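Enquirer: Quick one: structure below, then a few questions.
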Amino acid sequence: WVPSKRDWVRKRRLLEGRLAELSVDERGRLDESLRNEWRRVVGTTHFDVVVDFSGYSPLWTYLLSVAPAGRWAVFQHNDLAADQRRQVGGHRPHEKNLAGVFSAYARYDRLVSVSRSLRDINARKLGHLAEHSQFTFARNAVDHHRIRSAALEPFGTEVPLGADDVFSFVSVGRLSPEKNHARMISAFAEVHRAHPETRLVIIGNGPLASALEQQVAALGLIEAVHLLGSSDNPWSLMARCDCFVLSSDYEGQPMVILEALVLGLPVVTTGFDSVASALPEGVGRVVDRSVEGLVRGMDDALTDLVPAGTFDPVAYNEEVLSEFERAVGLVNDRNTGTAGGSA
């Protein structure tokens, strides 16, 4: 099958979130071209369930929606209404692609958020796109074997981690607005003035890297704050630090908190809506989304007042698998975890 120029034009409308410009007939032709593409790549196999685990690519969301299956599910990894409006450098990077994804929701049986609280947020903000009962949740599994194995590998940095006279805070995440690393750096500046033996290590890259480097320099923290960029193995460095810190305004499910718990690190985090999906009750320290809150949390970590607790990743993953099976409809259960149910 060789797509025509008109097929490419229709796909371009899909990718740009402009499906409203297509007539009913043109949308039908778009579906037919996608079905041809599916047969070319996958064949005629029928699936019990087809899951779009990304949820950010309109082309894939539509392509999977035409696959022969008993039911279809699409994941929601974040507050997608907020993500669509999020600005970086004066632009909204997800405005068009999420418009296309949203237009496909009517084709799916289940819209699966990655935490209970996120399910409620997406159901409230995107409820006009699907029935309330279609919104459900299933947390992400954590690959604890890989994390623990990778943590034993060397990390190529000269940051003085693990020294008796240095207390190292570490954070891992994309350098983008919702992570609010600027707030974390401002809080650390206050902590460091009172405790010069502290260090802050930030692993990750993103559009705010330059602005954060300038903030570090302006605060005179070049020797104390280390922006290390991206890493294929952040766990090796995390395992050599003393406390994990997260300063996000919102998260889908903060997997990096689970990774910190696997490594036995105490966790200080801001109190965004979905924090409970990763941080068990009585473990870590949840603080206000403010500089003052983070200062208090980091001060508590320095005096061993942040409980590391215990985390059983095997038991956690068993719970998550059950949530997934219910969420995508692989098992029938009165307690389905949908927005209209009791879970």
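The chains in the structure tokens are called A, B, ... from first to last as shown; in each chain the residues are counted from 1, and the ligands are counted from 1 in the order shown.
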If we count only C-alpha atoms and set the cut-off at 12 Å, which residues sit around Ala99 in chain A, ignoring sequence neighbours fewer than 3 positions away in its own chain? Please answer as a ChimeraX atom specification.
Expert: /A:13-20,55-59,61,80-81,83-85,92-96,102-105,126,129
Enquirer: I'd like the contact shell of Ala73 in chain A - 7 Å cut-off, only C-alpha atoms, skipping same-chain residues fewer than 5 positions apart - returned as a ChimeraX atom specification.
Expert: /A:50-52,108-112,328
Enquirer: Any chance you could list, as a list of chain:residue names, the residues in range 46-108 of chain A that come up strand (DSSP E) when DSSP is run on the backbone?
Expert: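 Assigned to strand (DSSP E), within range 46-108 of chain A: A:Phe47, A:Asp48, A:Val49, A:Val50, A:Val51, A:Asp52, A:Ala69, A:Gly70, A:Arg71, A:Trp72, A:Ala73, A:Val74, A:Phe75, A:Gln76.
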Enquirer: Would you mind exporting the chosen residues as a PDB file, in the first residue's frame, restricted to N, CA, C and O atoms?
Expert:
```
ATOM      1  N   PHE A  47      -6.631  -8.586  18.621  1.00  0.00           N
ATOM      2  CA  PHE A  47      -6.143  -8.474  19.995  1.00  0.00           C
ATOM      3  C   PHE A  47      -7.314  -8.376  20.971  1.00  0.00           C
ATOM      4  O   PHE A  47      -8.359  -7.804  20.642  1.00  0.00           O
ATOM      5  N   ASP A  48      -7.126  -8.921  22.169  1.00  0.00           N
ATOM      6  CA  ASP A  48      -8.131  -8.750  23.212  1.00  0.00           C
ATOM      7  C   ASP A  48      -8.222  -7.284  23.620  1.00  0.00           C
ATOM      8  O   ASP A  48      -9.311  -6.725  23.760  1.00  0.00           O
ATOM      9  N   VAL A  49      -7.063  -6.680  23.851  1.00  0.00           N
ATOM     10  CA  VAL A  49      -7.000  -5.274  24.248  1.00  0.00           C
ATOM     11  C   VAL A  49      -5.840  -4.605  23.524  1.00  0.00           C
ATOM     12  O   VAL A  49      -4.749  -5.178  23.436  1.00  0.00           O
ATOM     13  N   VAL A  50      -6.064  -3.415  23.025  1.00  0.00           N
ATOM     14  CA  VAL A  50      -4.999  -2.592  22.463  1.00  0.00           C
ATOM     15  C   VAL A  50      -4.824  -1.377  23.368  1.00  0.00           C
ATOM     16  O   VAL A  50      -5.795  -0.705  23.717  1.00  0.00           O
ATOM     17  N   VAL A  51      -3.571  -1.124  23.766  1.00  0.00           N
ATOM     18  CA  VAL A  51      -3.286  -0.052  24.722  1.00  0.00           C
ATOM     19  C   VAL A  51      -2.308   0.944  24.099  1.00  0.00           C
ATOM     20  O   VAL A  51      -1.223   0.564  23.651  1.00  0.00           O
ATOM     21  N   ASP A  52      -2.692   2.205  24.076  1.00  0.00           N
ATOM     22  CA  ASP A  52      -1.776   3.282  23.718  1.00  0.00           C
ATOM     23  C   ASP A  52      -1.161   3.787  25.015  1.00  0.00           C
ATOM     24  O   ASP A  52      -1.776   4.557  25.758  1.00  0.00           O
ATOM     25  N   ALA A  69      -9.643  -5.221  17.694  1.00  0.00           N
ATOM     26  CA  ALA A  69      -9.503  -5.568  19.110  1.00  0.00           C
ATOM     27  C   ALA A  69     -10.867  -5.649  19.771  1.00  0.00           C
ATOM     28  O   ALA A  69     -11.882  -5.174  19.228  1.00  0.00           O
ATOM     29  N   GLY A  70     -10.870  -6.236  20.959  1.00  0.00           N
ATOM     30  CA  GLY A  70     -12.102  -6.307  21.729  1.00  0.00           C
ATOM     31  C   GLY A  70     -12.383  -5.019  22.469  1.00  0.00           C
ATOM     32  O   GLY A  70     -13.531  -4.640  22.691  1.00  0.00           O
ATOM     33  N   ARG A  71     -11.296  -4.330  22.894  1.00  0.00           N
ATOM     34  CA  ARG A  71     -11.439  -3.048  23.569  1.00  0.00           C
ATOM     35  C   ARG A  71     -10.133  -2.270  23.418  1.00  0.00           C
ATOM     36  O   ARG A  71      -9.093  -2.842  23.108  1.00  0.00           O
ATOM     37  N   TRP A  72     -10.241  -0.970  23.679  1.00  0.00           N
ATOM     38  CA  TRP A  72      -9.111  -0.073  23.485  1.00  0.00           C
ATOM     39  C   TRP A  72      -8.935   0.800  24.719  1.00  0.00           C
ATOM     40  O   TRP A  72      -9.918   1.260  25.313  1.00  0.00           O
ATOM     41  N   ALA A  73      -7.668   1.039  25.105  1.00  0.00           N
ATOM     42  CA  ALA A  73      -7.364   1.884  26.260  1.00  0.00           C
ATOM     43  C   ALA A  73      -6.227   2.825  25.899  1.00  0.00           C
ATOM     44  O   ALA A  73      -5.310   2.464  25.160  1.00  0.00           O
ATOM     45  N   VAL A  74      -6.290   4.053  26.415  1.00  0.00           N
ATOM     46  CA  VAL A  74      -5.229   5.031  26.189  1.00  0.00           C
ATOM     47  C   VAL A  74      -4.825   5.610  27.543  1.00  0.00           C
ATOM     48  O   VAL A  74      -5.676   5.916  28.376  1.00  0.00           O
ATOM     49  N   PHE A  75      -3.513   5.732  27.765  1.00  0.00           N
ATOM     50  CA  PHE A  75      -3.011   6.211  29.046  1.00  0.00           C
ATOM     51  C   PHE A  75      -2.941   7.741  29.090  1.00  0.00           C
ATOM     52  O   PHE A  75      -2.763   8.407  28.065  1.00  0.00           O
ATOM     53  N   GLN A  76      -3.070   8.263  30.307  1.00  0.00           N
ATOM     54  CA  GLN A  76      -2.935   9.693  30.573  1.00  0.00           C
ATOM     55  C   GLN A  76      -1.884   9.847  31.679  1.00  0.00           C
ATOM     56  O   GLN A  76      -2.152   9.575  32.843  1.00  0.00           O
TER      57      GLN A  76
END
```
Enquirer: Ranking A:Thr198, A:Tyr250, A:Val245, A:Pro266 by minimum distance to Asn78 in chain A and counting only C-alpha atoms, which one comes first?
Expert: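 That would be A:Tyr250, the residue with the smallest distance to Asn78 in chain A.
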Enquirer: Tell me, as an mmCIF file with N, CA and C atoms, in the first residue's frame, which residues lie within 10 Å of His195 in chain A, counting only C-alpha atoms; anything in the same chain fewer than 3 positions away does not count.
Expert:
```
data_model
loop_
_atom_site.group_PDB
_atom_site.id
_atom_site.type_symbol
_atom_site.label_atom_id
_atom_site.label_comp_id
_atom_site.auth_asym_id
_atom_site.auth_seq_id
_atom_site.Cartn_x
_atom_site.Cartn_y
_atom_site.Cartn_z
ATOM 1 N N VAL A 166 30.174 15.810 53.835
ATOM 2 C CA VAL A 166 29.297 16.401 52.826
ATOM 3 C C VAL A 166 27.936 15.714 52.860
ATOM 4 N N PHE A 167 26.863 16.515 52.897
ATOM 5 C CA PHE A 167 25.505 15.984 52.809
ATOM 6 C C PHE A 167 24.965 16.361 51.438
ATOM 7 N N PHE A 188 17.563 25.654 48.443
ATOM 8 C CA PHE A 188 18.877 25.121 48.802
ATOM 9 C C PHE A 188 19.850 26.246 49.150
ATOM 10 N N ALA A 189 19.723 27.401 48.483
ATOM 11 C CA ALA A 189 20.610 28.529 48.781
ATOM 12 C C ALA A 189 20.511 28.909 50.257
ATOM 13 N N GLU A 190 19.285 28.902 50.810
ATOM 14 C CA GLU A 190 19.114 29.215 52.229
ATOM 15 C C GLU A 190 19.704 28.119 53.111
ATOM 16 N N VAL A 191 19.473 26.873 52.731
ATOM 17 C CA VAL A 191 20.005 25.747 53.506
ATOM 18 C C VAL A 191 21.536 25.781 53.489
ATOM 19 N N HIS A 192 22.092 26.059 52.325
ATOM 20 C CA HIS A 192 23.550 26.029 52.183
ATOM 21 C C HIS A 192 24.215 27.144 52.975
ATOM 22 N N THR A 198 26.746 21.206 52.574
ATOM 23 C CA THR A 198 25.716 20.588 51.737
ATOM 24 C C THR A 198 26.010 20.785 50.251
ATOM 25 N N ARG A 199 25.496 19.856 49.456
ATOM 26 C CA ARG A 199 25.567 19.933 48.002
ATOM 27 C C ARG A 199 24.198 19.583 47.421
ATOM 28 N N ASP A 299 16.041 20.947 55.902
ATOM 29 C CA ASP A 299 16.595 21.050 57.251
ATOM 30 C C ASP A 299 16.273 19.794 58.065
ATOM 31 N N LEU A 302 18.590 17.013 57.169
ATOM 32 C CA LEU A 302 19.928 17.168 57.736
ATOM 33 C C LEU A 302 19.998 16.692 59.180
#
```
Enquirer: Which residues are near Gly89 in chain A? Cut-off 10 Å, only C-alpha atoms, ignore same chain within fewer than 2 positions. Put them as number ranges by chain.
Expert: A: 87, 91-93, 177, 207-208
Enquirer: Just to be explicit: take each residue in the selection above, keep all heavy atoms, and write the result as a tab-separated table (two decimals), in the first residue's frame.
Expert:
```tsv
chain	number	residue	atom	x	y	z
A	87	GLN	N	3.42	26.53	28.95
A	87	GLN	CA	4.27	27.33	28.07
A	87	GLN	C	5.74	27.14	28.40
A	87	GLN	O	6.11	27.12	29.58
A	87	GLN	CB	3.90	28.82	28.18
A	87	GLN	CG	2.53	29.16	27.61
A	87	GLN	CD	2.33	30.65	27.43
A	87	GLN	OE1	3.30	31.42	27.41
A	87	GLN	NE2	1.09	31.06	27.29
A	91	HIS	N	6.05	29.37	24.04
A	91	HIS	CA	5.35	28.44	23.16
A	91	HIS	C	4.68	27.34	23.97
A	91	HIS	O	5.10	27.04	25.10
A	91	HIS	CB	6.32	27.82	22.15
A	91	HIS	CG	7.01	28.82	21.27
A	91	HIS	ND1	6.39	29.43	20.21
A	91	HIS	CD2	8.28	29.31	21.33
A	91	HIS	CE1	7.26	30.27	19.62
A	91	HIS	NE2	8.40	30.21	20.29
A	92	ARG	N	3.65	26.74	23.40
A	92	ARG	CA	2.96	25.62	24.02
A	92	ARG	C	3.30	24.35	23.23
A	92	ARG	O	2.68	24.06	22.20
A	92	ARG	CB	1.45	25.84	24.03
A	92	ARG	CG	1.02	27.01	24.91
A	92	ARG	CD	-0.49	27.18	24.90
A	92	ARG	NE	-0.92	28.21	25.84
A	92	ARG	CZ	-2.17	28.59	26.03
A	92	ARG	NH1	-3.14	28.00	25.33
A	92	ARG	NH2	-2.47	29.53	26.90
A	93	PRO	N	4.31	23.59	23.69
A	93	PRO	CA	4.82	22.47	22.89
A	93	PRO	C	3.81	21.35	22.68
A	93	PRO	O	3.94	20.59	21.72
A	93	PRO	CB	6.02	21.97	23.70
A	93	PRO	CG	5.79	22.45	25.10
A	93	PRO	CD	5.07	23.75	24.96
A	177	PRO	N	9.14	23.70	33.24
A	177	PRO	CA	8.46	24.53	34.23
A	177	PRO	C	7.75	23.78	35.34
A	177	PRO	O	7.81	24.19	36.51
A	177	PRO	CB	7.47	25.34	33.38
A	177	PRO	CG	8.10	25.42	32.03
A	177	PRO	CD	8.79	24.10	31.85
A	207	PRO	N	14.44	22.57	28.53
A	207	PRO	CA	14.47	23.95	28.01
A	207	PRO	C	14.90	25.00	29.03
A	207	PRO	O	15.25	26.11	28.64
A	207	PRO	CB	13.02	24.18	27.57
A	207	PRO	CG	12.20	23.20	28.35
A	207	PRO	CD	13.08	22.00	28.51
A	208	LEU	N	14.86	24.68	30.33
A	208	LEU	CA	15.21	25.68	31.34
A	208	LEU	C	16.65	25.53	31.82
A	208	LEU	O	17.04	26.19	32.80
A	208	LEU	CB	14.26	25.58	32.53
A	208	LEU	CG	12.77	25.86	32.23
A	208	LEU	CD1	11.97	25.84	33.51
A	208	LEU	CD2	12.60	27.20	31.51
```
Enquirer: Could you name the residues that touch range 271-285 of chain A at 6 Å or less, counting only C-alpha atoms, but leaving out those on the same chain fewer than 3 positions away, as a ChimeraX atom specification?
Expert: /A:115,117,249-250,258,266-268,288,306-309
Enquirer: For CA of Glu26 in chain A and CA of Lys5 in chain A, determine how far apart the two atoms are, in Å to one decimal place.
Expert: 13.1 Å
Enquirer: From the options A:Ser290, A:Ser231, A:Ser247, A:Thr136, which residue's atoms come nearest to Ser176 in chain A, counting only C-alpha atoms?
Expert: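 The shortest atom-to-atom distance to Ser176 in chain A comes from A:Ser247.
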